[in-house]
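Since the structure comes first, as structure tokens, the remarks are kept for the end.
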Amino acid sequence: MKNQNTFLNINTLIDYCNGTLNADEQEFVSQTAADNDLIKAIIEQLQDQSPIQKNEFTQQIDQSMASFLNSEPFANSFETASNLPNSSPKETQNFKLIKNSSLKTTILWILGMLSIAFICFLGFQIISNHQNEVSNSGLLSNFVPRSLNQKSLGLQDGIRLSGTVKNSNEEYAVLIYTPRKRGNINYDGFKSIGTWLDPKGNFNLNAAQVTHGGNYTLKIKDHYSHMVFFKGDNIHLEMNLSSPSNSFFATGRGGGKLNVLNLPQLKYTPYNNEWPLDHFKAHMDSVVAAQESLLEAIFAKDLSKALIMEAPNRTLLNRIIKETPLSKEEYEFLKIRIWIYKTSVLNYLSKMRQYPSEDANPIKFDHPIFDDFTAESYQSIKHINDWQTAGALDDILQIEFLKNKYGQTQSISIQDWQSIKSDPSFSNWVSPFLKENFNEAVSNKYLADNFAMLMTLGMCKKEQFDQLKVQCTDDKILNSIIDYHDLIDYGLEDNTYQLDREELELDDSKFKALIDDHKGKPLYIIFWSAKYAGGMIIGNLPEVKAFEEKNKDDIKVINICFDQARHKGLWAARIIDNSWNSTHYFMPLVGKESIWNKYISKNISSFGNGGVTYTFINKEGTIKTKAKSPMDLVSEDIEKYLK
């Protein structure tokens with residue numbers, strides 16, 4: 001036992017997090033934390049720190065805190081333990097228990113400790129914090145209890161994501177917003193963030209703003225972990241890069257939903273396209289019922305349920321229930337995620353056309369397959385920030401449009417399911433139906449996402465923009481779109497980036513001169529399309545920037561947007577909106593076949609190709625197309641390219 005006047009001090013909590021206490025001490029702290037939310041919050045925050053950070057923090061505040069911890073009011077709230085098993089008299093004397101202490105005293109202790117911490121680190125934290133994210137080195141942001149931290153540091157709308165990755169080799173971790181409409185803007189102001197893993201595989205990523213219930217992807221090396229965040233989440237991930245999916249586990253606030261979403265029992269269950277309609281409905285009902293039963297058992301913490309006790313992954317299920325119990329909000333979110341499986345009728349019917357059978361005959365909307373398409377069900381959808389829910393809404397709207405067009409009892413053919421795509425009346429019908437049957441958040445985001453998708457593809461029209469301004473009632477969403485629209489219109493005139501300079505627009509001769517100017521030094525060229533950049537380049541910009549910074553003494557990186565001349569404003573908007581400070585050029589996509597064939601390995605002017613390709617030219621002038629992306633390059637690849 002440490003020679004302390006009070007056992008439950010900051011050092012003890014740190015030792016608890018490090019697992020260096022004996023069994024009795026560990027149990028005591030666990031029980032105390034279970035009964036005291038503030039102490040529990042401190043432990044959760046300490047678990048996000050590396051041992052070095054904990055030690056540095058303790059050394060700087062321990063002396064200042066000592067007098068408070070040993071003050072008479074605080075000491076009076078403890079009494080000596082007389083019945084601790086296997087404890088010496090000296091250890092028993094030092095191992096003071098919180099017992100029958102008033103809530104007021106405990107809160108005063110916590111607030112006193114936090115006040116000292118705040119004074120010690122305020123200046124450092126202000127310097128460390130950036131406009132859109134919190135520095136990973138801000139110790140205060142990772143120590144104080146979550147409730148106070150969010151208010152004092154403005155992180156109530158953000159998240160903290162840390163992790164320990166086994167079998168890593170100081171890779172780069174990047175957190176990317178992944179909307180359903182690929183490349184769409186984030187109305188909450190989130191931009192991709194990234195950091196290098198340390199030699200032990202640890203990382204910290206903090207974002208001041210996230211979309212509540214939105215989809216994000218954590219990319220490390222060539223593995224993608226898909227996750228959903230709620231504002232205020234404070235998650236620590238465990239992962240082994242040798243088998244990331246099987247080793248993934250999240251702890252801390254918000255970790256429960258990630259663990260449940262990662263369960264094989266909740267994965268998509270395929271069906272046979274040749275099944276009769278009734279068979280397909282029975283399959284859907286069975287899958288949903290099984291998933292709902294499992295979710296109910298996890299939420300109720302019912303370890304005795306047969307579906308948990310007999311599950312092949314029962315050890316994992318037990319760990320989720322014990323370590324990351326679901327909150328009510330997480331439970332409601334996951335319940336909707338399961339229910340929307342029942343709306344996947346259109347996908348089945350469209351594929352059913354390929355397998356003519358008796359069931360391919362006309363279908364009526366009074367068939368039981370449509371029982372869940374009701375106004376009551378629609379009211380349970382709180383938002384469509386989650387792209388799976390947004391996809392379900394697309395199906396719902398198409399089915400409801402056809403219902404409205406043909407009537408509840410009229411039979412329609414399989415071919416009619418496709419007619420909506422070319423029906424001009426659909427776009428006028430959607431907005432009133434959304435406002436009548438869904439909440440305002442759903443209606444606003446659906447309409448905004450569809451317009452923003454066209455805008456970020458350089459395809460929006462003035463009348464569509466004017467219509468959105470009338471339909472969308474969410475000022476935050478509307479202002480985000482207006483700001484981006486203005487960047488497209490006026491970004492070339494921006495005085496900071498000065499992208500309208502004549503020398504930045506390349507023709508054949510300027511391009512050749514640019515290549516010649518870099519002879520004798522390795523050159524890495526990122527060819528990208530402004531229109532299709534949302535696929536692979538924009539979300540991964542933290543890695544691109546990190547690669548350029550890391551190799552600035554050995555490799556020159558230039559970025560050439562290869563696109564239609566009318567998308568030059570979009571090019572400027574992409575660069576400015578993402579603070580992409582680098583060497584940029586724009587090359588109009590007209591009559592450039594010779595350049596295409598020599599320097600570019602694929603048609604980047606397509607949605608499917610992700611709008612980007614990479615070319616490496618070594619100091620001898622050897623051109624290597626199809627080079628690896630900055631996100632995938634390792635030291636061995638770079639050495640190979642340099643030769």
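Quick note on naming: the chains in the structure tokens go A, B, ... in the order shown, residues restart at 1 in each chain, and ligands are numbered from 1 in order of appearance.
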Excluding Ile235 (chain A) and any residue of its chain fewer than 5 positions from it, enumerate the residues within 12 Å of it, using only C-alpha atoms, and give them as number ranges by chain. A: 44-45, 47-48, 142, 146, 158-164, 203-206, 227-230, 249-259, 324
Write the residues of the preceding selection, restricted to C-alpha atoms, as a CSV table (one decimal), in the first residue's frame.
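Saved to again32.csv:
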```csv
chain,number,residue,atom,x,y,z
A,44,GLU,CA,-13.0,7.1,-17.6
A,45,GLN,CA,-11.0,10.2,-18.5
A,47,GLN,CA,-8.1,5.7,-18.9
A,48,ASP,CA,-7.8,7.7,-22.1
A,142,ASN,CA,-8.5,14.4,-21.3
A,146,ARG,CA,-17.0,14.7,-19.1
A,158,GLY,CA,-17.8,16.8,-30.2
A,159,ILE,CA,-16.2,13.5,-29.4
A,160,ARG,CA,-13.0,12.0,-28.2
A,161,LEU,CA,-11.7,8.9,-29.8
A,162,SER,CA,-8.6,7.1,-28.6
A,163,GLY,CA,-7.2,3.7,-29.2
A,164,THR,CA,-4.6,1.1,-28.7
A,203,PHE,CA,-3.6,7.4,-30.7
A,204,ASN,CA,-5.9,10.2,-29.8
A,205,LEU,CA,-8.3,12.0,-32.0
A,206,ASN,CA,-10.5,14.9,-30.7
A,227,MET,CA,-18.8,3.7,-36.6
A,228,VAL,CA,-21.6,5.9,-35.5
A,229,PHE,CA,-21.0,8.8,-33.0
A,230,PHE,CA,-23.3,10.7,-30.7
A,249,PHE,CA,-13.9,-3.5,-28.9
A,250,ALA,CA,-14.9,0.0,-27.7
A,251,THR,CA,-15.1,1.2,-24.1
A,252,GLY,CA,-16.2,4.5,-22.6
A,253,ARG,CA,-19.2,6.6,-23.3
A,254,GLY,CA,-20.7,5.6,-26.7
A,255,GLY,CA,-18.8,2.4,-26.9
A,256,GLY,CA,-21.8,0.1,-26.4
A,257,LYS,CA,-23.5,1.0,-29.7
A,258,LEU,CA,-20.3,0.4,-31.6
A,259,ASN,CA,-19.8,-3.0,-30.1
A,324,THR,CA,-20.5,-1.1,-22.1
```
Give me, as a list of chain:residue names, all polymer residues having an atom no more than 7 Å from Met587 (chain A), counting only C-alpha atoms and skipping those fewer than 6 positions away in the same chain. A:Glu505, A:Leu506, A:Asp507, A:Ile560, A:Cys561, A:Phe562, A:Asp563
Neighbouring residues of Ile488 (chain A) were defined as those with any atom within 12 Å, considering only C-alpha atoms; residues of the same chain fewer than 4 positions away were excluded. Please report them as a PyMOL selection string. chain A and resi 455-460+481-484+492-494+530-531+566-577
I'd like to know which residues of region 155-328 of chain A are alpha helix (DSSP H) (by DSSP, run on the backbone); could you write them as a VMD selection string? chain A and resid 244 to 247 255 to 261 277 to 299 306 to 309 314 to 323 328
Kindly indicate which residue among A:Lys403, A:Lys550, A:Lys231, A:Lys510 lies nearest to Gln156 (chain A), using only C-alpha atoms for the distances. A:Lys231
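Between CA of Ile526 (chain A) and CA of Gly611 (chain A) there is a distance of 10.4 Å.
For the pair CA of Ala546 (chain A) and CA of Pro630 (chain A), the separation is 8.6 Å.
Residues of region 494-598 of chain A assigned to strand (DSSP E) by DSSP on this structure's backbone: Leu523, Tyr524, Ile525, Ile526, Phe527, Trp528, Lys556, Val557, Ile558, Asn559, Ile560, Cys561, Phe562, Asp563, His584, Tyr585, Phe586, Met587 and Pro588 of chain A.
Distances here use only C-alpha atoms; by that measure, the residue among A:Asn450, A:Ile558, A:Ile185, A:Ile604 closest to His485 (chain A) is A:Ile185.
Coordinates place CA of His584 (chain A) at a distance of 11.1 Å from CA of Asp500 (chain A).
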Leaving out region 425-442 of chain A and any residue of its chain fewer than 2 positions from it, which residues lie within 7 Å of it when counting only C-alpha atoms, given as number ranges by chain? A: 375, 378-379, 382-384, 420, 423, 444-446
Restrict the selected residues to all heavy atoms and save them as a tab-separated table (two decimals), in the first residue's frame.
```tsv
chain	number	residue	atom	x	y	z
A	375	ALA	N	-47.59	5.66	-41.21
A	375	ALA	CA	-47.24	6.97	-40.64
A	375	ALA	C	-46.72	6.82	-39.22
A	375	ALA	O	-45.82	7.55	-38.80
A	375	ALA	CB	-48.47	7.88	-40.68
A	378	TYR	N	-43.12	5.86	-39.32
A	378	TYR	CA	-42.28	6.95	-39.79
A	378	TYR	C	-41.96	7.94	-38.67
A	378	TYR	O	-40.90	8.55	-38.64
A	378	TYR	CB	-42.95	7.68	-40.95
A	378	TYR	CG	-43.30	6.79	-42.13
A	378	TYR	CD1	-44.31	7.15	-43.02
A	378	TYR	CD2	-42.64	5.59	-42.35
A	378	TYR	CE1	-44.64	6.34	-44.10
A	378	TYR	CE2	-42.97	4.77	-43.42
A	378	TYR	CZ	-43.98	5.15	-44.29
A	378	TYR	OH	-44.31	4.34	-45.35
A	379	GLN	N	-42.88	8.08	-37.72
A	379	GLN	CA	-42.65	9.02	-36.63
A	379	GLN	C	-41.55	8.56	-35.68
A	379	GLN	O	-40.98	9.34	-34.93
A	379	GLN	CB	-43.95	9.23	-35.84
A	379	GLN	CG	-44.99	10.06	-36.58
A	379	GLN	CD	-44.49	11.44	-36.92
A	379	GLN	OE1	-43.94	12.15	-36.08
A	379	GLN	NE2	-44.66	11.85	-38.18
A	382	LYS	N	-36.16	9.56	-35.90
A	382	LYS	CA	-35.86	10.88	-35.33
A	382	LYS	C	-34.98	11.73	-36.25
A	382	LYS	O	-35.07	12.95	-36.26
A	382	LYS	CB	-35.17	10.73	-33.97
A	382	LYS	CG	-35.97	9.90	-32.96
A	382	LYS	CD	-37.36	10.46	-32.73
A	382	LYS	CE	-38.12	9.61	-31.72
A	382	LYS	NZ	-39.53	10.08	-31.58
A	383	HIS	N	-34.09	11.08	-36.98
A	383	HIS	CA	-33.21	11.79	-37.91
A	383	HIS	C	-32.68	10.81	-38.94
A	383	HIS	O	-32.83	9.58	-38.78
A	383	HIS	CB	-32.04	12.45	-37.17
A	383	HIS	CG	-31.15	11.49	-36.44
A	383	HIS	ND1	-30.23	10.69	-37.09
A	383	HIS	CD2	-31.05	11.19	-35.13
A	383	HIS	CE1	-29.60	9.94	-36.20
A	383	HIS	NE2	-30.07	10.22	-35.01
A	384	ILE	N	-32.09	11.32	-39.99
A	384	ILE	CA	-31.48	10.46	-41.02
A	384	ILE	C	-30.00	10.80	-41.17
A	384	ILE	O	-29.44	10.73	-42.26
A	384	ILE	CB	-32.22	10.58	-42.37
A	384	ILE	CG1	-32.31	12.05	-42.82
A	384	ILE	CG2	-33.59	9.95	-42.31
A	384	ILE	CD1	-32.78	12.21	-44.26
A	420	ILE	N	-40.59	5.34	-61.19
A	420	ILE	CA	-40.41	6.53	-60.37
A	420	ILE	C	-39.17	7.32	-60.76
A	420	ILE	O	-39.12	8.55	-60.63
A	420	ILE	CB	-40.36	6.14	-58.88
A	420	ILE	CG1	-40.35	7.38	-58.01
A	420	ILE	CG2	-39.15	5.28	-58.59
A	420	ILE	CD1	-40.44	7.08	-56.54
A	423	ASP	N	-40.14	9.75	-63.42
A	423	ASP	CA	-41.40	10.47	-63.25
A	423	ASP	C	-41.12	11.88	-62.75
A	423	ASP	O	-40.65	12.07	-61.62
A	423	ASP	CB	-42.30	9.72	-62.26
A	423	ASP	CG	-43.74	10.21	-62.30
A	423	ASP	OD1	-43.94	11.43	-62.42
A	423	ASP	OD2	-44.66	9.37	-62.21
A	444	ASN	N	-35.80	18.30	-43.47
A	444	ASN	CA	-34.75	19.25	-43.82
A	444	ASN	C	-33.51	18.57	-44.36
A	444	ASN	O	-32.93	18.98	-45.37
A	444	ASN	CB	-34.38	20.09	-42.60
A	444	ASN	CG	-35.39	21.18	-42.31
A	444	ASN	OD1	-36.01	21.72	-43.22
A	444	ASN	ND2	-35.56	21.51	-41.04
A	445	LYS	N	-33.08	17.51	-43.69
A	445	LYS	CA	-31.83	16.88	-44.11
A	445	LYS	C	-31.99	16.13	-45.44
A	445	LYS	O	-31.07	16.13	-46.26
A	445	LYS	CB	-31.30	15.93	-43.04
A	445	LYS	CG	-29.86	15.50	-43.31
A	445	LYS	CD	-29.20	14.91	-42.11
A	445	LYS	CE	-27.70	14.77	-42.33
A	445	LYS	NZ	-27.35	13.98	-43.51
A	446	TYR	N	-33.14	15.52	-45.64
A	446	TYR	CA	-33.34	14.82	-46.91
A	446	TYR	C	-33.26	15.79	-48.08
A	446	TYR	O	-32.55	15.54	-49.07
A	446	TYR	CB	-34.70	14.12	-46.91
A	446	TYR	CG	-35.00	13.41	-48.22
A	446	TYR	CD1	-34.56	12.11	-48.45
A	446	TYR	CD2	-35.70	14.05	-49.24
A	446	TYR	CE1	-34.81	11.47	-49.66
A	446	TYR	CE2	-35.96	13.43	-50.45
A	446	TYR	CZ	-35.51	12.14	-50.65
A	446	TYR	OH	-35.75	11.51	-51.84
```
Give me, as a PyMOL selection string, all polymer residues having an atom no more than 10 Å from Lys521 (chain A), counting only C-alpha atoms and skipping those fewer than 5 positions away in the same chain. chain A and resi 554-556+617-621+642
